[in-house]
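File shown: final-v4.csv (CSV, C-alpha atoms).
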chain,number,residue,atom,x,y,z
A,1,MET,CA,27.0,-3.3,14.2
A,2,ALA,CA,25.6,-4.4,10.8
A,3,ASN,CA,22.0,-3.6,9.9
A,4,ARG,CA,19.4,-6.3,9.9
A,5,LYS,CA,17.5,-7.0,6.7
A,6,ALA,CA,13.8,-6.7,6.0
A,7,LEU,CA,12.2,-8.1,2.9
A,8,HIS,CA,9.0,-6.3,1.7
A,9,ILE,CA,6.5,-8.3,-0.4
A,10,ILE,CA,4.6,-5.8,-2.6
A,11,ASN,CA,2.4,-5.8,-5.7
A,12,GLY,CA,4.4,-3.4,-7.8
A,13,GLU,CA,2.0,-2.8,-10.8
A,14,HIS,CA,1.5,0.9,-9.8
A,15,TYR,CA,3.6,3.6,-8.3
A,16,SER,CA,0.9,5.5,-6.3
A,17,GLY,CA,0.3,6.1,-2.6
A,18,GLY,CA,1.1,2.6,-1.2
A,19,GLU,CA,4.1,2.1,-3.4
A,20,ARG,CA,5.5,5.5,-2.6
A,21,ILE,CA,5.3,4.7,1.1
A,22,GLN,CA,7.1,1.5,0.5
A,23,ASP,CA,9.8,3.3,-1.5
A,24,ILE,CA,10.2,5.8,1.4
A,25,LEU,CA,10.7,2.9,3.8
A,26,GLY,CA,13.5,1.7,1.5
A,27,MET,CA,15.1,5.1,1.6
A,28,THR,CA,14.8,5.7,5.4
A,29,LEU,CA,14.8,2.4,7.2
A,30,PRO,CA,18.6,1.9,6.8
A,31,GLN,CA,19.3,4.8,9.1
A,32,TYR,CA,17.1,3.0,11.8
A,33,GLY,CA,19.0,-0.3,11.5
A,34,TYR,CA,17.2,-2.1,8.7
A,35,ASP,CA,18.3,-2.6,5.1
A,36,VAL,CA,15.4,-3.2,2.7
A,37,GLY,CA,14.7,-5.5,-0.2
A,38,PHE,CA,11.5,-5.7,-2.3
A,39,VAL,CA,9.8,-8.7,-3.9
A,40,CYS,CA,7.4,-7.6,-6.6
A,41,LEU,CA,4.5,-10.0,-7.3
A,42,LYS,CA,3.3,-7.8,-10.2
A,43,PRO,CA,6.6,-6.2,-11.4
A,44,ASP,CA,5.2,-3.7,-13.8
A,45,MET,CA,5.9,-0.1,-12.8
A,46,PHE,CA,7.7,-0.2,-9.4
A,47,PRO,CA,11.0,-1.8,-10.5
A,48,ASN,CA,11.3,0.9,-13.2
A,49,VAL,CA,10.6,4.1,-11.2
A,50,TYR,CA,11.4,3.4,-7.5
A,51,ARG,CA,14.0,5.7,-5.9
A,52,SER,CA,15.5,3.6,-3.2
A,53,LYS,CA,18.1,2.2,-5.5
A,54,ALA,CA,20.3,0.8,-2.7
A,55,SER,CA,17.4,-1.6,-2.1
A,56,PRO,CA,17.4,-4.7,-4.4
A,57,VAL,CA,14.2,-5.6,-6.2
A,58,TYR,CA,13.3,-9.3,-6.9
A,59,SER,CA,10.7,-9.9,-9.6
A,60,VAL,CA,8.6,-13.0,-8.7
A,61,PRO,CA,5.6,-12.7,-11.0
A,62,MET,CA,2.3,-14.1,-9.6
A,63,LYS,CA,0.3,-15.7,-12.3
A,64,HIS,CA,-3.0,-15.4,-10.4
A,65,LYS,CA,-4.3,-14.6,-6.9
A,66,ALA,CA,-4.1,-18.3,-5.9
A,67,ASP,CA,-0.5,-18.8,-7.1
A,68,PHE,CA,0.8,-19.3,-3.6
A,69,MET,CA,3.4,-21.9,-4.5
A,70,LEU,CA,5.8,-19.2,-5.5
A,71,TYR,CA,6.4,-18.8,-1.8
A,72,LYS,CA,9.2,-21.3,-2.3
A,73,LYS,CA,11.0,-18.7,-4.5
A,74,VAL,CA,10.5,-16.0,-1.9
A,75,ALA,CA,11.7,-18.3,0.9
A,76,GLU,CA,14.9,-19.1,-1.1
A,77,ILE,CA,15.5,-15.4,-1.4
A,78,ILE,CA,15.1,-14.9,2.3
A,79,LYS,CA,17.6,-17.8,3.1
A,80,THR,CA,20.1,-16.9,0.4
A,81,GLU,CA,20.2,-13.2,1.0
A,82,GLY,CA,20.0,-13.4,4.8
A,83,TYR,CA,16.8,-11.5,5.4
A,84,ASP,CA,15.7,-11.4,9.1
A,85,ILE,CA,12.0,-10.4,8.7
A,86,VAL,CA,9.3,-10.5,6.1
A,87,HIS,CA,6.9,-7.5,5.7
A,88,SER,CA,3.8,-7.9,3.5
A,89,HIS,CA,1.7,-5.0,2.3
A,90,MET,CA,-1.3,-5.9,0.2
A,91,PRO,CA,-3.9,-8.8,0.4
A,92,ARG,CA,-2.3,-10.6,-2.6
A,93,SER,CA,1.0,-10.7,-0.8
A,94,ILE,CA,-0.1,-12.0,2.6
A,95,PRO,CA,-0.4,-15.8,1.9
A,96,VAL,CA,2.9,-15.7,0.0
A,97,ALA,CA,4.7,-13.8,2.8
A,98,ARG,CA,3.2,-16.0,5.5
A,99,LEU,CA,4.2,-19.3,3.9
A,100,ALA,CA,7.6,-18.0,3.0
A,101,SER,CA,8.2,-16.8,6.6
A,102,LEU,CA,7.2,-20.2,7.9
A,103,SER,CA,9.5,-22.0,5.4
A,104,ALA,CA,12.5,-19.7,6.1
A,105,LYS,CA,11.7,-19.6,9.9
A,106,VAL,CA,11.7,-15.8,10.1
A,107,PRO,CA,9.1,-13.4,11.7
A,108,MET,CA,6.4,-11.8,9.5
A,109,VAL,CA,4.5,-8.5,9.9
A,110,HIS,CA,1.7,-7.1,7.7
A,111,HIS,CA,1.2,-3.5,6.9
A,112,LEU,CA,-2.6,-2.8,6.6
A,113,HIS,CA,-3.2,-0.1,4.1
A,114,SER,CA,-7.0,-0.4,3.6
A,115,PRO,CA,-9.9,-2.5,4.9
A,116,THR,CA,-9.8,-5.6,2.6
A,117,LEU,CA,-13.5,-6.4,3.1
A,118,PHE,CA,-14.4,-3.1,1.4
A,119,GLU,CA,-11.5,-2.9,-1.0
A,120,GLY,CA,-13.1,-3.3,-4.4
A,121,PRO,CA,-16.5,-3.1,-6.1
A,122,SER,CA,-17.1,-6.9,-6.1
A,123,LEU,CA,-18.6,-8.1,-2.8
A,124,LEU,CA,-17.7,-11.7,-3.5
A,125,ASN,CA,-14.0,-10.9,-4.2
A,126,ASN,CA,-13.9,-8.7,-1.0
A,127,ILE,CA,-15.3,-11.6,1.1
A,128,VAL,CA,-12.9,-14.1,-0.4
A,129,SER,CA,-9.9,-11.8,0.1
A,130,GLY,CA,-11.0,-11.0,3.6
A,131,ILE,CA,-11.2,-14.6,4.6
A,132,LEU,CA,-7.8,-15.3,3.0
A,133,GLU,CA,-6.3,-12.3,4.8
A,134,ARG,CA,-7.6,-13.4,8.2
A,135,VAL,CA,-6.5,-17.0,7.8
A,136,SER,CA,-3.1,-16.0,6.5
A,137,LEU,CA,-2.5,-13.6,9.4
A,138,ILE,CA,-3.0,-16.3,12.0
A,139,GLY,CA,0.4,-16.5,13.7
A,140,ALA,CA,1.8,-13.3,12.1
A,141,ASP,CA,4.0,-11.5,14.6
A,142,ALA,CA,2.4,-8.1,14.1
A,143,VAL,CA,-0.2,-6.2,12.0
A,144,ILE,CA,0.6,-2.5,11.3
A,145,PRO,CA,-2.5,-0.4,10.4
A,146,CYS,CA,-1.6,3.0,8.9
A,147,SER,CA,-4.5,4.8,10.7
A,148,GLU,CA,-6.5,4.6,13.9
A,149,GLY,CA,-9.6,3.6,11.9
A,150,LEU,CA,-7.7,0.7,10.3
A,151,GLY,CA,-6.5,-0.3,13.8
A,152,LYS,CA,-10.2,-0.7,14.9
A,153,TYR,CA,-10.9,-2.6,11.7
A,154,ALA,CA,-8.0,-5.0,12.4
A,155,LYS,CA,-9.4,-5.8,15.9
A,156,GLN,CA,-12.9,-6.1,14.4
A,157,ILE,CA,-11.8,-8.9,12.1
A,158,GLY,CA,-10.3,-10.8,15.1
A,159,ILE,CA,-6.7,-9.8,15.3
A,160,GLY,CA,-5.6,-9.6,18.9
A,161,SER,CA,-4.9,-6.2,20.3
A,162,ARG,CA,-1.4,-7.1,21.3
A,163,ARG,CA,-0.4,-7.7,17.7
A,164,VAL,CA,-2.0,-4.5,16.4
A,165,LYS,CA,0.5,-1.6,16.3
A,166,VAL,CA,-0.8,1.5,14.6
A,167,VAL,CA,1.9,3.5,12.7
A,168,LEU,CA,0.6,6.5,10.8
A,169,ASN,CA,1.9,6.9,7.2
A,170,GLY,CA,4.3,9.8,6.8
A,171,ILE,CA,6.3,11.5,4.0
A,172,PRO,CA,9.3,13.8,4.1
A,173,GLY,CA,8.4,17.4,4.5
A,174,LEU,CA,8.9,19.6,1.4
A,175,GLY,CA,9.8,22.7,3.4
A,176,LEU,CA,7.3,24.9,1.5
A,177,ASN,CA,6.1,27.8,3.7
A,178,ALA,CA,5.1,30.3,1.0
A,179,GLU,CA,1.9,32.1,1.8
A,180,LYS,CA,-0.6,32.6,-0.9
A,181,LYS,CA,-3.5,35.1,-1.1
A,182,ALA,CA,-7.0,33.8,-1.8
A,183,PRO,CA,-7.8,34.5,-5.5
A,184,ASN,CA,-10.3,37.3,-6.2
A,185,ASP,CA,-12.0,35.6,-9.0
A,186,GLU,CA,-11.4,31.9,-10.0
A,187,TRP,CA,-10.0,29.2,-7.8
A,188,VAL,CA,-7.8,26.5,-9.3
A,189,ILE,CA,-8.2,23.3,-7.3
A,190,GLY,CA,-5.6,20.5,-7.9
A,191,VAL,CA,-5.7,16.8,-7.0
A,192,VAL,CA,-2.9,14.2,-7.6
A,193,ALA,CA,-3.8,10.6,-7.3
A,194,LEU,CA,-4.2,7.1,-8.7
A,195,PHE,CA,-8.0,7.4,-9.1
A,196,ARG,CA,-9.7,4.3,-7.8
A,197,PRO,CA,-12.9,3.4,-5.8
A,198,ARG,CA,-13.1,4.3,-2.1
A,199,LYS,CA,-10.5,7.1,-2.3
A,200,GLY,CA,-13.0,9.9,-2.2
A,201,PHE,CA,-12.8,11.3,-5.8
A,202,GLU,CA,-16.6,11.1,-6.1
A,203,TYR,CA,-17.1,13.1,-3.0
A,204,LEU,CA,-14.7,15.8,-4.4
A,205,LEU,CA,-16.8,16.0,-7.5
A,206,GLU,CA,-20.0,16.2,-5.5
A,207,ALA,CA,-18.6,18.9,-3.3
A,208,MET,CA,-17.6,20.9,-6.4
A,209,SER,CA,-21.0,20.6,-7.9
A,210,LEU,CA,-22.4,22.1,-4.7
A,211,LEU,CA,-20.0,25.0,-4.9
A,212,LYS,CA,-20.9,25.6,-8.5
A,213,ALA,CA,-24.6,25.6,-7.6
A,214,ARG,CA,-23.8,28.4,-5.1
A,215,GLY,CA,-22.2,30.5,-7.7
A,216,TYR,CA,-18.5,29.9,-7.1
A,217,SER,CA,-16.1,29.9,-10.0
A,218,PHE,CA,-13.2,27.4,-10.1
A,219,LYS,CA,-11.2,25.0,-12.3
A,220,LEU,CA,-10.3,21.4,-11.3
A,221,HIS,CA,-6.9,19.9,-12.4
A,222,ALA,CA,-7.1,16.2,-11.8
A,223,ILE,CA,-3.6,14.7,-12.4
A,224,GLY,CA,-3.0,11.0,-12.4
A,225,GLY,CA,-4.1,7.7,-14.0
A,226,PHE,CA,-7.1,5.5,-13.3
A,227,PHE,CA,-7.0,2.2,-11.5
A,228,SER,CA,-9.2,0.6,-14.2
A,229,GLN,CA,-11.0,1.6,-17.4
A,230,GLU,CA,-14.2,0.6,-15.7
A,231,TYR,CA,-13.7,3.2,-13.0
A,232,ARG,CA,-12.8,5.8,-15.5
A,233,ASP,CA,-16.0,5.2,-17.4
A,234,HIS,CA,-17.9,5.4,-14.1
A,235,ILE,CA,-16.4,8.8,-13.4
A,236,ASP,CA,-16.9,10.1,-16.9
Represent the supplied structure as structure tokens.
Amino acid sequence: MANRKALHIINGEHYSGGERIQDILGMTLPQYGYDVGFVCLKPDMFPNVYRSKASPVYSVPMKHKADFMLYKKVAEIIKTEGYDIVHSHMPRSIPVARLASLSAKVPMVHHLHSPTLFEGPSLLNNIVSGILERVSLIGADAVIPCSEGLGKYAKQIGIGSRRVKVVLNGIPGLGLNAEKKAPNDEWVIGVVALFRPRKGFEYLLEAMSLLKARGYSFKLHAIGGFFSQEYRDHID
């Protein structure tokens, strides 16, 4: 029996936590009966570095956050390539995915990665994005939060319990079981991330300042880029 086909609508400007999860879906879903394709609304980094090469990538650049009419291009991809379901991932992609799914007459689900009402530093942008998210999810077949906390958030913004299906994010195990002894003198602490607001980097720095005040010796290796120059300046 042939696999069904799922089209994931993603941003694509970065290749960090969310995009890596999407890439893992592209690599693993075929063994569970779903072939995967990606529509990139901001096709910057993802199309160049993603690993699930059996999954096609369609670049459909979104000029601005209200550029919803490109849903017609996405709907045409769904119809032409025979996709059975649309799967959106970020606030930007929800209206496009919903309109495309209605036009192509296929079901739509949304993967909730973070609480949109608290996503960025601008309260106004958060409110506008939150309202747009809630309206666009009316009639969506399912919402998939990636944590129990986000499951509660989904219900708090009015999404019915029957449509909320919590699925925890997961990554393939590396199989590393090496035991290391605690250092006698100086600890080396490493963190790898796309550094952005709300991801806890400030708490790490605060915790390390407390350790330093108590006389502990350590080095911090922070590996990764910053979401914006504004946030980098804030951290510096």
Can you tell me which residues surround Leu137 of chain A at a distance of at most 8 Å, considering all atoms listed in the file, apart from same-chain residues fewer than 2 positions away, and format the answer as a count of residues only? 8
Would you kindly return, as a ChimeraX atom specification, each protein, DNA or RNA residue with an atom no farther than 7 Å from any atom of segment 23-32 of chain A, considering only C-alpha atoms and excluding same-chain residues fewer than 4 positions away? /A:19,36,50-52,55
Using only C-alpha atoms, which protein or nucleic acid residues come within 10 Å of segment 216-221 of chain A? Drop anything in the same chain fewer than 5 positions from it, and give the result as a compact mmCIF listing (two decimals) with C-alpha atoms, in the frame of the given file.
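selection-v2.txt was written with the following content:
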# COMPACT_ATOMS: atom_id res chain seq x y z
CA ASP A 185 -12.00 35.60 -9.00
CA GLU A 186 -11.40 31.90 -10.00
CA TRP A 187 -10.00 29.20 -7.80
CA VAL A 188 -7.80 26.50 -9.30
CA ILE A 189 -8.20 23.30 -7.30
CA GLY A 190 -5.60 20.50 -7.90
CA VAL A 191 -5.70 16.80 -7.00
CA VAL A 192 -2.90 14.20 -7.60
CA LEU A 204 -14.70 15.80 -4.40
CA LEU A 205 -16.80 16.00 -7.50
CA MET A 208 -17.60 20.90 -6.40
CA SER A 209 -21.00 20.60 -7.90
CA LEU A 210 -22.40 22.10 -4.70
CA LEU A 211 -20.00 25.00 -4.90
Quick one: residues within 10 Å of Gly130 of chain A, only C-alpha atoms, excluding same-chain residues fewer than 5 positions away - as a list in words?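 Neighbouring residues, sequence-local ones excluded: Pro91, Pro115, Thr116, Leu117, Phe118, Glu119, Leu124, Asn125, Val135, Ser136 and Ile157 of chain A.
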I need the residue nearest Lys73 of chain A from this list: A:Ala54, A:Gly224, A:Ser88, A:Ala104. Use all atoms listed in the file for the distance. A:Ala104
One-decimal distance in Å that lies between atom CA of Asn48 of chain A and atom CA of Pro95 of chain A: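 Those two atoms sit 25.4 Å apart.
Note that atom CA of Leu150 of chain A and atom CA of Ser114 of chain A are 6.8 Å apart.
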Is there a way to get, as a VMD selection string, all residues within 6 Å of the point (5.5, -12.5, 8.4) in file coordinates, counting only C-alpha atoms? chain A and resid 86 to 87 97 to 98 101 107 to 109 140
Work out how far apart atom CA of Arg92 of chain A and atom CA of Asp233 of chain A are and give it in Å to one decimal.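 So the two atoms, atom CA of Arg92 of chain A and atom CA of Asp233 of chain A, lie 25.6 Å apart.
Each of A:Ser93, A:Leu123, A:His14, A:Gly158 was compared to Ala66 of chain A using all atoms listed in the file, and A:Ser93 turns out to be the nearest.
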Between A:Arg196, A:Lys42, A:Arg214, A:Lys72, which one has atoms that come closest to Ser103 of chain A, using all atoms listed in the file?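 Between A:Arg196, A:Lys42, A:Arg214, A:Lys72, the residue approaching Ser103 of chain A most closely is A:Lys72.
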Please return the centre and edge lengths, in Å to one decimal, of a box with edges along x, y and z that contains all listed atoms of segment 132-146 of chain A, widened by 6 Å on every side, as JSON.
{"center_x": -1.9, "center_y": -7.0, "center_z": 8.8, "size_x": 23.8, "size_y": 32.0, "size_z": 23.6}
Counting only C-alpha atoms, the residue among A:Phe68, A:Lys5, A:Met90, A:Ala100 that lies closest to Pro56 of chain A is A:Lys5
